[in-house]
Every structure is written in structure tokens, then in C-alpha cells.
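K.L.:
Input structure: work_28.cif, which contains mmCIF, C-alpha atoms.
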```cif
data_model
loop_
_atom_site.group_PDB
_atom_site.id
_atom_site.type_symbol
_atom_site.label_atom_id
_atom_site.label_comp_id
_atom_site.auth_asym_id
_atom_site.auth_seq_id
_atom_site.Cartn_x
_atom_site.Cartn_y
_atom_site.Cartn_z
ATOM 1 C CA MET L 182 62.734 7.443 -25.047
ATOM 2 C CA LYS L 183 64.428 10.791 -24.367
ATOM 3 C CA ARG L 184 66.422 10.448 -27.564
ATOM 4 C CA PHE L 185 63.303 11.164 -29.653
ATOM 5 C CA ILE L 186 61.046 14.188 -30.054
ATOM 6 C CA GLU L 187 57.819 13.480 -28.214
ATOM 7 C CA GLY L 188 54.343 14.759 -29.056
ATOM 8 C CA ASP L 189 51.698 16.138 -26.762
ATOM 9 C CA ASP L 190 49.528 13.857 -24.682
ATOM 10 C CA ARG L 191 46.110 13.427 -26.376
ATOM 11 C CA GLU L 192 44.414 13.755 -22.986
ATOM 12 C CA GLN L 193 46.186 17.019 -22.175
ATOM 13 C CA VAL L 194 43.746 19.880 -21.544
ATOM 14 C CA VAL L 195 44.883 23.346 -22.630
ATOM 15 C CA LEU L 196 43.636 26.582 -21.141
ATOM 16 C CA PHE L 197 43.913 28.548 -24.389
ATOM 17 C CA PRO L 198 43.104 26.323 -27.396
ATOM 18 C CA ASP L 199 44.830 26.876 -30.738
ATOM 19 C CA HIS L 200 43.259 29.251 -33.263
ATOM 20 C CA LEU L 201 42.718 28.270 -36.890
ATOM 21 C CA GLU L 202 44.344 31.572 -37.800
ATOM 22 C CA ASP L 203 47.610 30.288 -36.344
ATOM 23 C CA PHE L 204 47.731 27.434 -38.866
ATOM 24 C CA VAL L 205 47.246 29.559 -42.014
ATOM 25 C CA GLY L 206 50.277 31.665 -42.891
ATOM 26 C CA ASP L 207 50.070 35.141 -44.372
ATOM 27 C CA ASP L 208 51.388 33.848 -47.691
ATOM 28 C CA ASN L 209 49.033 30.874 -47.884
ATOM 29 C CA PRO L 210 47.158 30.823 -51.254
ATOM 30 C CA VAL L 211 43.926 30.058 -49.407
ATOM 31 C CA ARG L 212 43.873 33.702 -48.262
ATOM 32 C CA ALA L 213 43.755 34.816 -51.900
ATOM 33 C CA VAL L 214 40.768 32.537 -52.493
ATOM 34 C CA ASP L 215 39.018 34.019 -49.466
ATOM 35 C CA ALA L 216 39.679 37.641 -50.498
ATOM 36 C CA PHE L 217 38.716 37.056 -54.127
ATOM 37 C CA VAL L 218 35.368 35.393 -53.371
ATOM 38 C CA ASP L 219 34.477 37.945 -50.648
ATOM 39 C CA ALA L 220 34.994 40.772 -53.157
ATOM 40 C CA LEU L 221 32.491 39.320 -55.638
ATOM 41 C CA ASP L 222 28.845 40.370 -55.936
ATOM 42 C CA LEU L 223 27.543 36.805 -56.103
ATOM 43 C CA ILE L 224 23.885 37.721 -56.620
ATOM 44 C CA ASP L 225 24.772 40.040 -59.510
ATOM 45 C CA ILE L 226 26.907 37.298 -61.089
ATOM 46 C CA GLY L 227 23.967 34.903 -60.982
ATOM 47 C CA PHE L 228 24.312 32.706 -57.909
ATOM 48 C CA SER L 229 20.986 31.687 -56.396
ATOM 49 C CA ASP L 230 19.937 33.488 -53.210
ATOM 50 C CA ALA L 231 18.832 31.820 -49.975
ATOM 51 C CA ALA L 232 15.358 30.288 -49.904
ATOM 52 C CA VAL L 233 12.662 32.364 -48.163
ATOM 53 C CA THR L 234 11.187 29.353 -46.372
ATOM 54 C CA GLY L 235 12.550 26.094 -45.039
ATOM 55 C CA ARG L 236 15.805 25.276 -43.314
ATOM 56 C CA PRO L 237 18.567 27.904 -43.762
ATOM 57 C CA GLY L 238 21.114 26.932 -46.408
ATOM 58 C CA TYR L 239 24.800 27.628 -46.867
ATOM 59 C CA HIS L 240 25.868 31.008 -48.201
ATOM 60 C CA PRO L 241 26.945 30.770 -51.865
ATOM 61 C CA ALA L 242 30.322 32.273 -50.917
ATOM 62 C CA VAL L 243 31.087 29.328 -48.613
ATOM 63 C CA LEU L 244 30.326 26.747 -51.295
ATOM 64 C CA LEU L 245 32.163 28.752 -53.955
ATOM 65 C CA LYS L 246 35.277 28.913 -51.758
ATOM 66 C CA ILE L 247 35.174 25.126 -51.351
ATOM 67 C CA TYR L 248 34.797 24.704 -55.105
ATOM 68 C CA VAL L 249 37.693 27.088 -55.924
ATOM 69 C CA TYR L 250 39.891 25.445 -53.286
ATOM 70 C CA GLY L 251 39.206 22.042 -54.795
ATOM 71 C CA TYR L 252 39.958 23.395 -58.272
ATOM 72 C CA LEU L 253 43.336 24.784 -57.162
ATOM 73 C CA ASN L 254 44.254 21.562 -55.356
ATOM 74 C CA ARG L 255 42.972 19.106 -57.989
ATOM 75 C CA ILE L 256 40.151 17.799 -55.805
ATOM 76 C CA GLN L 257 37.274 17.146 -58.199
ATOM 77 C CA SER L 258 35.008 14.777 -56.305
ATOM 78 C CA SER L 259 32.268 16.299 -54.152
ATOM 79 C CA ARG L 260 32.750 13.430 -51.700
ATOM 80 C CA ARG L 261 36.453 14.284 -51.424
ATOM 81 C CA LEU L 262 35.584 17.942 -50.850
ATOM 82 C CA GLU L 263 33.176 16.921 -48.076
ATOM 83 C CA LEU L 264 35.985 14.904 -46.486
ATOM 84 C CA GLU L 265 38.456 17.804 -46.735
ATOM 85 C CA ALA L 266 35.963 20.190 -45.126
ATOM 86 C CA GLY L 267 35.971 18.021 -42.006
ATOM 87 C CA ARG L 268 39.717 17.389 -41.674
ATOM 88 C CA ASN L 269 41.663 19.989 -43.684
ATOM 89 C CA VAL L 270 42.706 22.984 -41.587
ATOM 90 C CA GLU L 271 42.881 25.262 -44.642
ATOM 91 C CA VAL L 272 39.290 24.438 -45.645
ATOM 92 C CA MET L 273 38.143 24.828 -42.040
ATOM 93 C CA TRP L 274 39.704 28.295 -41.983
ATOM 94 C CA LEU L 275 38.160 29.131 -45.337
ATOM 95 C CA THR L 276 34.614 28.098 -44.385
ATOM 96 C CA GLY L 277 34.579 28.905 -40.673
ATOM 97 C CA ARG L 278 34.431 25.189 -39.790
ATOM 98 C CA LEU L 279 31.347 24.605 -41.927
ATOM 99 C CA ALA L 280 31.236 21.152 -43.542
ATOM 100 C CA PRO L 281 28.538 20.805 -46.238
ATOM 101 C CA ASP L 282 27.733 17.278 -47.367
ATOM 102 C CA PHE L 283 28.757 16.055 -50.807
ATOM 103 C CA LYS L 284 25.259 16.370 -52.290
ATOM 104 C CA THR L 285 25.058 20.038 -51.302
ATOM 105 C CA ILE L 286 28.422 20.677 -52.971
ATOM 106 C CA ALA L 287 27.442 18.748 -56.109
ATOM 107 C CA ASP L 288 24.047 20.474 -56.380
ATOM 108 C CA PHE L 289 25.728 23.872 -56.005
ATOM 109 C CA ARG L 290 28.017 23.195 -58.958
ATOM 110 C CA ARG L 291 25.160 21.849 -61.050
ATOM 111 C CA ASP L 292 22.725 24.692 -60.287
ATOM 112 C CA ASN L 293 25.288 27.496 -60.688
ATOM 113 C CA SER L 294 27.438 26.290 -63.574
ATOM 114 C CA LYS L 295 27.001 29.504 -65.607
ATOM 115 C CA ALA L 296 27.805 31.710 -62.624
ATOM 116 C CA ILE L 297 30.913 29.650 -61.821
ATOM 117 C CA ARG L 298 32.146 30.128 -65.401
ATOM 118 C CA GLN L 299 31.704 33.888 -64.976
ATOM 119 C CA VAL L 300 33.712 33.762 -61.736
ATOM 120 C CA CYS L 301 36.517 32.041 -63.651
ATOM 121 C CA SER L 302 36.420 34.849 -66.232
ATOM 122 C CA GLN L 303 36.649 37.504 -63.522
ATOM 123 C CA PHE L 304 39.582 35.671 -61.964
ATOM 124 C CA VAL L 305 41.421 35.760 -65.304
ATOM 125 C CA MET L 306 40.745 39.510 -65.631
ATOM 126 C CA LEU L 307 42.033 40.061 -62.088
ATOM 127 C CA CYS L 308 45.222 38.161 -62.923
ATOM 128 C CA ARG L 309 45.702 40.393 -65.959
ATOM 129 C CA ARG L 310 45.283 43.562 -63.891
ATOM 130 C CA VAL L 311 47.856 42.503 -61.311
ATOM 131 C CA GLY L 312 50.317 41.398 -63.978
ATOM 132 C CA LEU L 313 50.109 37.647 -63.552
ATOM 133 C CA LEU L 314 48.939 37.195 -67.141
ATOM 134 C CA ASN L 315 50.692 39.114 -69.882
ATOM 135 C CA GLY L 316 49.151 37.282 -72.821
ATOM 136 C CA ASP L 317 52.487 36.818 -74.584
ATOM 137 C CA GLY L 318 52.097 33.055 -74.773
ATOM 138 C CA VAL L 319 49.859 30.231 -73.685
ATOM 139 C CA ALA L 320 50.191 26.469 -73.776
ATOM 140 C CA ILE L 321 47.192 24.408 -74.865
ATOM 141 C CA ASP L 322 46.614 20.832 -73.819
ATOM 142 C CA GLY L 323 43.693 18.450 -73.590
ATOM 143 C CA SER L 324 42.664 15.576 -71.370
ATOM 144 C CA LYS L 325 40.008 12.900 -71.673
ATOM 145 C CA PHE L 326 37.725 12.681 -68.622
ATOM 146 C CA LYS L 327 35.749 9.493 -68.089
ATOM 147 C CA ALA L 328 31.974 9.874 -67.765
ATOM 148 C CA VAL L 329 29.667 7.812 -65.546
ATOM 149 C CA ASN L 330 28.400 6.160 -68.731
ATOM 150 C CA ASN L 331 29.713 2.600 -68.997
ATOM 151 C CA ARG L 332 31.166 1.514 -72.364
ATOM 152 C CA VAL L 333 28.543 -1.233 -72.514
ATOM 153 C CA LYS L 334 25.843 1.461 -72.603
ATOM 154 C CA ASN L 335 27.478 3.441 -75.396
ATOM 155 C CA PHE L 336 26.419 2.533 -78.937
ATOM 156 C CA THR L 337 27.835 3.230 -82.396
ATOM 157 C CA PRO L 338 26.804 1.546 -85.675
ATOM 158 C CA ALA L 339 29.739 -0.885 -85.409
ATOM 159 C CA LYS L 340 28.920 -1.751 -81.774
ATOM 160 C CA VAL L 341 25.237 -2.353 -82.554
ATOM 161 C CA THR L 342 26.126 -4.612 -85.499
ATOM 162 C CA ARG L 343 28.650 -6.547 -83.404
ATOM 163 C CA ARG L 344 26.264 -7.039 -80.489
ATOM 164 C CA MET L 345 23.451 -8.142 -82.775
ATOM 165 C CA ALA L 346 25.796 -10.709 -84.304
ATOM 166 C CA ASP L 347 26.738 -11.949 -80.821
ATOM 167 C CA ILE L 348 23.079 -12.337 -79.851
ATOM 168 C CA GLU L 349 22.254 -14.150 -83.099
ATOM 169 C CA ALA L 350 25.145 -16.534 -82.427
ATOM 170 C CA SER L 351 23.889 -17.135 -78.873
ATOM 171 C CA ILE L 352 20.369 -17.836 -80.091
ATOM 172 C CA THR L 353 21.706 -20.271 -82.677
ATOM 173 C CA ARG L 354 23.786 -22.021 -80.029
ATOM 174 C CA TYR L 355 20.822 -22.411 -77.666
ATOM 175 C CA LEU L 356 18.570 -23.647 -80.456
ATOM 176 C CA SER L 357 21.161 -26.263 -81.324
ATOM 177 C CA LYS L 358 21.126 -27.454 -77.727
ATOM 178 C CA LEU L 359 17.331 -27.732 -77.835
ATOM 179 C CA ASP L 360 17.527 -29.734 -81.051
ATOM 180 C CA ALA L 361 20.038 -32.030 -79.399
ATOM 181 C CA ALA L 362 17.663 -32.387 -76.451
ATOM 182 C CA ASP L 363 14.852 -33.421 -78.801
ATOM 183 C CA ARG L 364 17.057 -36.035 -80.470
ATOM 184 C CA ASN L 365 18.468 -37.351 -77.202
ATOM 185 C CA GLU L 366 15.724 -36.771 -74.671
ATOM 186 C CA PRO L 367 17.531 -38.392 -71.709
ATOM 187 C CA ALA L 368 20.591 -36.179 -72.317
ATOM 188 C CA LEU L 369 18.930 -32.981 -71.007
ATOM 189 C CA PRO L 370 16.494 -32.848 -68.088
ATOM 190 C CA PRO L 371 13.221 -30.916 -68.606
ATOM 191 C CA ALA L 372 14.316 -28.182 -66.179
ATOM 192 C CA LYS L 373 17.385 -27.417 -68.269
ATOM 193 C CA VAL L 374 15.331 -27.354 -71.478
ATOM 194 C CA ALA L 375 12.991 -24.837 -69.843
ATOM 195 C CA ARG L 376 15.961 -22.655 -68.872
ATOM 196 C CA LEU L 377 17.277 -22.754 -72.431
ATOM 197 C CA GLN L 378 13.901 -21.705 -73.806
ATOM 198 C CA GLU L 379 13.716 -18.858 -71.277
ATOM 199 C CA ARG L 380 17.201 -17.747 -72.276
ATOM 200 C CA ILE L 381 16.201 -17.683 -75.937
ATOM 201 C CA LEU L 382 13.211 -15.462 -75.145
ATOM 202 C CA LYS L 383 15.454 -13.031 -73.268
ATOM 203 C CA LEU L 384 17.921 -12.921 -76.134
ATOM 204 C CA LYS L 385 15.110 -12.120 -78.559
ATOM 205 C CA GLU L 386 13.977 -9.288 -76.271
ATOM 206 C CA GLN L 387 17.533 -7.950 -76.230
ATOM 207 C CA MET L 388 17.575 -8.110 -80.010
ATOM 208 C CA GLN L 389 14.427 -5.960 -80.167
ATOM 209 C CA GLU L 390 15.973 -3.456 -77.770
ATOM 210 C CA LEU L 391 19.100 -3.292 -79.928
ATOM 211 C CA LYS L 392 16.993 -2.629 -83.015
ATOM 212 C CA ALA L 393 15.362 0.310 -81.224
ATOM 213 C CA ILE L 394 18.798 1.609 -80.214
ATOM 214 C CA GLU L 395 20.026 1.123 -83.793
ATOM 215 C CA ALA L 396 17.294 3.478 -84.990
ATOM 216 C CA LYS L 397 18.384 6.091 -82.429
ATOM 217 C CA VAL L 398 22.014 5.731 -83.522
ATOM 218 C CA GLN L 399 21.044 6.285 -87.147
ATOM 219 C CA ASP L 400 19.109 9.436 -86.198
ATOM 220 C CA ALA L 401 21.926 10.849 -84.021
ATOM 221 C CA PRO L 402 24.006 13.602 -85.732
ATOM 222 C CA ASP L 403 27.285 11.842 -84.901
ATOM 223 C CA ALA L 404 25.864 8.294 -85.101
ATOM 224 C CA GLN L 405 26.467 7.643 -81.403
ATOM 225 C CA VAL L 406 24.162 7.137 -78.407
ATOM 226 C CA SER L 407 25.002 6.978 -74.681
ATOM 227 C CA LEU L 408 22.208 5.730 -72.446
ATOM 228 C CA THR L 409 23.380 6.842 -68.972
ATOM 229 C CA ASP L 410 25.031 10.156 -69.858
ATOM 230 C CA PRO L 411 23.560 11.327 -73.200
ATOM 231 C CA ASP L 412 26.275 13.969 -73.736
ATOM 232 C CA ALA L 413 29.214 11.576 -73.278
ATOM 233 C CA ARG L 414 30.973 10.196 -76.344
ATOM 234 C CA SER L 415 33.291 7.284 -77.088
ATOM 235 C CA MET L 416 36.878 8.499 -77.591
ATOM 236 C CA ARG L 417 40.279 6.959 -78.120
ATOM 237 C CA HIS L 418 42.444 7.243 -75.017
ATOM 238 C CA ARG L 419 45.916 5.854 -74.301
ATOM 239 C CA GLY L 420 45.763 3.130 -76.887
ATOM 240 C CA GLY L 421 42.240 2.114 -75.918
ATOM 241 C CA GLY L 422 38.991 3.961 -75.533
ATOM 242 C CA ILE L 423 36.743 5.590 -72.939
ATOM 243 C CA VAL L 424 33.283 7.109 -72.877
ATOM 244 C CA GLY L 425 33.721 10.659 -71.634
ATOM 245 C CA TYR L 426 34.581 14.248 -72.479
ATOM 246 C CA ASN L 427 37.484 16.104 -74.060
ATOM 247 C CA VAL L 428 38.649 18.956 -71.801
ATOM 248 C CA GLN L 429 40.811 21.613 -73.473
ATOM 249 C CA THR L 430 42.832 24.022 -71.303
ATOM 250 C CA ALA L 431 44.961 27.075 -72.141
ATOM 251 C CA VAL L 432 47.647 27.917 -69.547
ATOM 252 C CA ASP L 433 49.842 31.030 -69.310
ATOM 253 C CA VAL L 434 53.427 29.928 -70.015
ATOM 254 C CA GLU L 435 55.009 32.274 -67.450
ATOM 255 C CA HIS L 436 52.876 31.848 -64.312
ATOM 256 C CA HIS L 437 51.072 28.602 -65.251
ATOM 257 C CA LEU L 438 47.632 30.080 -64.608
ATOM 258 C CA ILE L 439 44.623 28.767 -66.525
ATOM 259 C CA VAL L 440 43.489 31.390 -69.043
ATOM 260 C CA ALA L 441 40.600 29.481 -70.626
ATOM 261 C CA HIS L 442 39.053 26.033 -70.609
ATOM 262 C CA GLU L 443 36.370 24.257 -72.567
ATOM 263 C CA VAL L 444 34.607 20.906 -72.244
ATOM 264 C CA THR L 445 33.618 19.306 -75.529
ATOM 265 C CA THR L 446 32.405 15.988 -76.867
ATOM 266 C CA GLU L 447 34.589 16.273 -79.968
ATOM 267 C CA VAL L 448 37.194 13.530 -80.155
ATOM 268 C CA VAL L 449 39.813 16.021 -81.410
ATOM 269 C CA ALA L 450 39.225 19.614 -80.367
ATOM 270 C CA GLY L 451 41.099 22.812 -79.721
ATOM 271 C CA PHE L 452 40.671 26.533 -79.258
#
```
What would the structure in this file look like if it were written as C-alpha cells?
P.N.:
Amino acid sequence: MKRFIEGDDREQVVLFPDHLEDFVGDDNPVRAVDAFVDALDLIDIGFSDAAVTGRPGYHPAVLLKIYVYGYLNRIQSSRRLELEAGRNVEVMWLTGRLAPDFKTIADFRRDNSKAIRQVCSQFVMLCRRVGLLNGDGVAIDGSKFKAVNNRVKNFTPAKVTRRMADIEASITRYLSKLDAADRNEPALPPAKVARLQERILKLKEQMQELKAIEAKVQDAPDAQVSLTDPDARSMRHRGGGIVGYNVQTAVDVEHHLIVAHEVTTEVVAGF
């Protein structure tokens, strides 16, 4: 096997172990993330301070660095960020080998959303000062992001009408089967008749629920209701449709840096 390059033995013990610093070059963008976050006054910006009692928590700077790193590398999921913190050398260097769990990362983003937006604004101003953004031209584009709200739990007037019609048709079909059972008693056993009657009762309950939802849809400003994620809206997407959000982004045409972004529930939106 001398014709091939061979790796180190996994059982080999080294006297001087490798340093994380050796794996992060001087020109690595992760160093810019580290310097930028360390220069911020996080408490003044609005990030929550450590709790006085209870188990010590992570410093806001550590969680913010993870969030910014994920933003730069298109890692949106908090579970993915948790995974990267335990295996990615760049994230290990950035956090000092700290590995917060996904819930901690998600709660940080939820509880400090306004402060994170302000950090983004300061980053844009920094880019302007160092000449990375000249403001001569920006490109604007939008993307539809799927929400956790299933399409089945999103209602519009047309959807409510269609589902009511489906339920009415199901009730009619089951009633016809019961009538057939009365005319031909041996054809259907009593247990099946009981199941049909139970199914009819459930369908009637669903009809009442739909009527309540119909009233909410009529009262909604945009005639649309989402049960799981109330802010999500049904939108056309790639020839079909999704329940989600419309994210608009403005990018500097020269350096491809994000100048501004906005999340909206409008089907067609722009700056």
C-alpha cells in the first residue's frame, strides 16, 4: 500500500495535540464574525443579560456568533447549528468548544429578535464605512419560506366552501348506506351500521367546526386563517402553493452583501 498516501493511526497518541487556532487561517471569514460580535455592546443593543439565580447560561456573544455563522453559511435550522457546534472546527474555534443545544439557540433567536435586527443594521453600517457597500446599486429578490402550518390547517373562503361540500357529500353517502342497510338488513352487520352512524356524527362535528372557522375567516382582514401559525399565509409558489412567508432581500450588486431584508405575509411584496 506504499503507492497511496496514508493517514495517521487513530490510536496514535501525540505529545502536543493540535490547536484549534491552527485550523483557522488568518483570512478565514469566521475571524471577522468573531471580531465584529466582540466589538458590540450587546447589553446596550438589547440582548438579555445573564440570570441572577439558577444555572449559569451562555453568554449572548457566543449564541450571536453561532447565529451569524449560520446566517453566512445558509444554516437556518437550530438543530443543524447544534450539530455544527459539535463537529465543525470553525464553530468550535468561534465558541471556544461550547455546544449549546438546539432549544437554547432557538430561544435566543426568539427572545432577542429585535436586538438581532439591530446587529444586522450595525453590520451594514460597518460595511459602508470600510467601503464594502457604496450604495450605487442593489438587487432585490424574494423567496417563499414554508411555515410549520400545514396546508390542511390553512383556511380561505374557497377552502371552507370546498371542505363543507366534501363533508356534505360524505354524510349523504353514509346515509345512503344506512338506508340500504334498512332495506336489506342481512347485507350489513349491526357492527358496521354502528360504525357508519358514528362516522356520521363525527362528520357533523367537523361541519360545526368548519362553520366556526368560516366565521373567523370572514372576520379576518385578508379573509384567511392559519390554525398552527397564525401569521402564515397561503401563497402561490412554483406553480403550486405553500403556507408560509414572503422574504424580500436587497443585495449590493458589487460585493453581494445583504443591505436590507424584510419578512412579510403579503403574497407580492417589495421594498
K.L.:
Which of these residues is nearest to Arg260 of chain L, using all atoms listed in the file: L:Ile247, L:Ile286, L:Ala372, L:Val333?
P.N.:
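Among the listed residues, L:Ile286 lies closest to Arg260 of chain L.
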K.L.:
Could you please give me, as a ChimeraX atom specification, the residues of protein, DNA or RNA lying at most 8 Å from (36.7, 38.8, -57.5) in the coordinate frame of the file, considering only C-alpha atoms?
P.N.:
/L:216-221,300,303-304,307
K.L.:
Report, in Å with one decimal, the straight-line distance from atom CA of Glu395 of chain L to atom CA of Pro338 of chain L.
P.N.:
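Atom CA of Pro338 of chain L lies at a distance of 7.0 Å from atom CA of Glu395 of chain L.
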K.L.:
Go ahead and compute the interatomic distance for atom CA of Asp412 of chain L and atom CA of Ala328 of chain L, in Å to one decimal.
P.N.:
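Straight-line distance from atom CA of Asp412 of chain L to atom CA of Ala328 of chain L works out to 9.2 Å.
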K.L.:
Might I get the box with edges along x, y and z of the file that holds all atoms of segment 189-202 of chain L listed there, padded by 5 Å on every side, given as centre and edge lengths in Å to one decimal, as JSON?
P.N.:
```
{"center_x": 47.2, "center_y": 22.5, "center_z": -29.5, "size_x": 19.0, "size_y": 28.1, "size_z": 26.7}
```
K.L.:
Using the chain letters and numbers from the file, which residues does the PyMOL selection byres ((chain L and resi 414-429) around 10) grab, as a count of residues only?
P.N.:
39
K.L.:
Determine the nearest neighbour of Pro210 of chain L from the options L:Asn254, L:Thr353, L:Ser259, L:Ser302, counting only C-alpha atoms.
P.N.:
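The answer is L:Asn254, which sits nearest to Pro210 of chain L.
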K.L.:
Suppose a student applies the PyMOL selection byres ((chain L and resi 348) around 10) to this structure; what residues should they get, written as a list of chain:residue names?
P.N.:
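Evaluating the PyMOL selection byres ((chain L and resi 348) around 10) on these coordinates yields L:Arg343, L:Arg344, L:Met345, L:Ala346, L:Asp347, L:Glu349, L:Ala350, L:Ser351, L:Ile352, L:Thr353, L:Arg354, L:Ile381, L:Leu384, L:Lys385, L:Gln387, L:Met388, L:Leu391.
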K.L.:
What do you get, as a list in words, if you spell out every residue that the PyMOL selection byres ((chain L and resi 266) around 10) selects here?
P.N.:
Ile247, Arg260, Arg261, Leu262, Glu263, Leu264, Glu265, Gly267, Arg268, Asn269, Val270, Glu271, Val272, Met273, Trp274, Leu275, Thr276, Gly277, Arg278, Leu279, Ala280, Pro281 and Asp282 of chain L
K.L.:
What does the distance from atom CA of Ser229 of chain L to atom CA of Ala296 of chain L come to in Å, to one decimal?
P.N.:
9.2 Å
K.L.:
Ranking L:Val434, L:Val311, L:Ile394, L:Leu223 by minimum distance to Lys295 of chain L and counting all atoms listed in the file, which one comes first?
P.N.:
L:Leu223
K.L.:
Which is closer to Val211 of chain L than all the others in L:Val249, L:Ala375, L:Val440, L:Ala242, using only C-alpha atoms?
P.N.:
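Result for the nearest residue to Val211 of chain L: L:Val249.
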K.L.:
Could you check the closest approach to Leu253 of chain L for each of L:Val214, L:Asp222, L:Arg310, L:Arg236 and tell me which residue wins, using all atoms listed in the file?
P.N.:
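Counting all atoms listed in the file, the residue closest to Leu253 of chain L is L:Val214.
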K.L.:
Determine the nearest neighbour of Phe228 of chain L from the options L:Lys392, L:Lys284, L:Arg184, L:Arg290, counting only C-alpha atoms.
P.N.:
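The answer is L:Arg290, which sits nearest to Phe228 of chain L.
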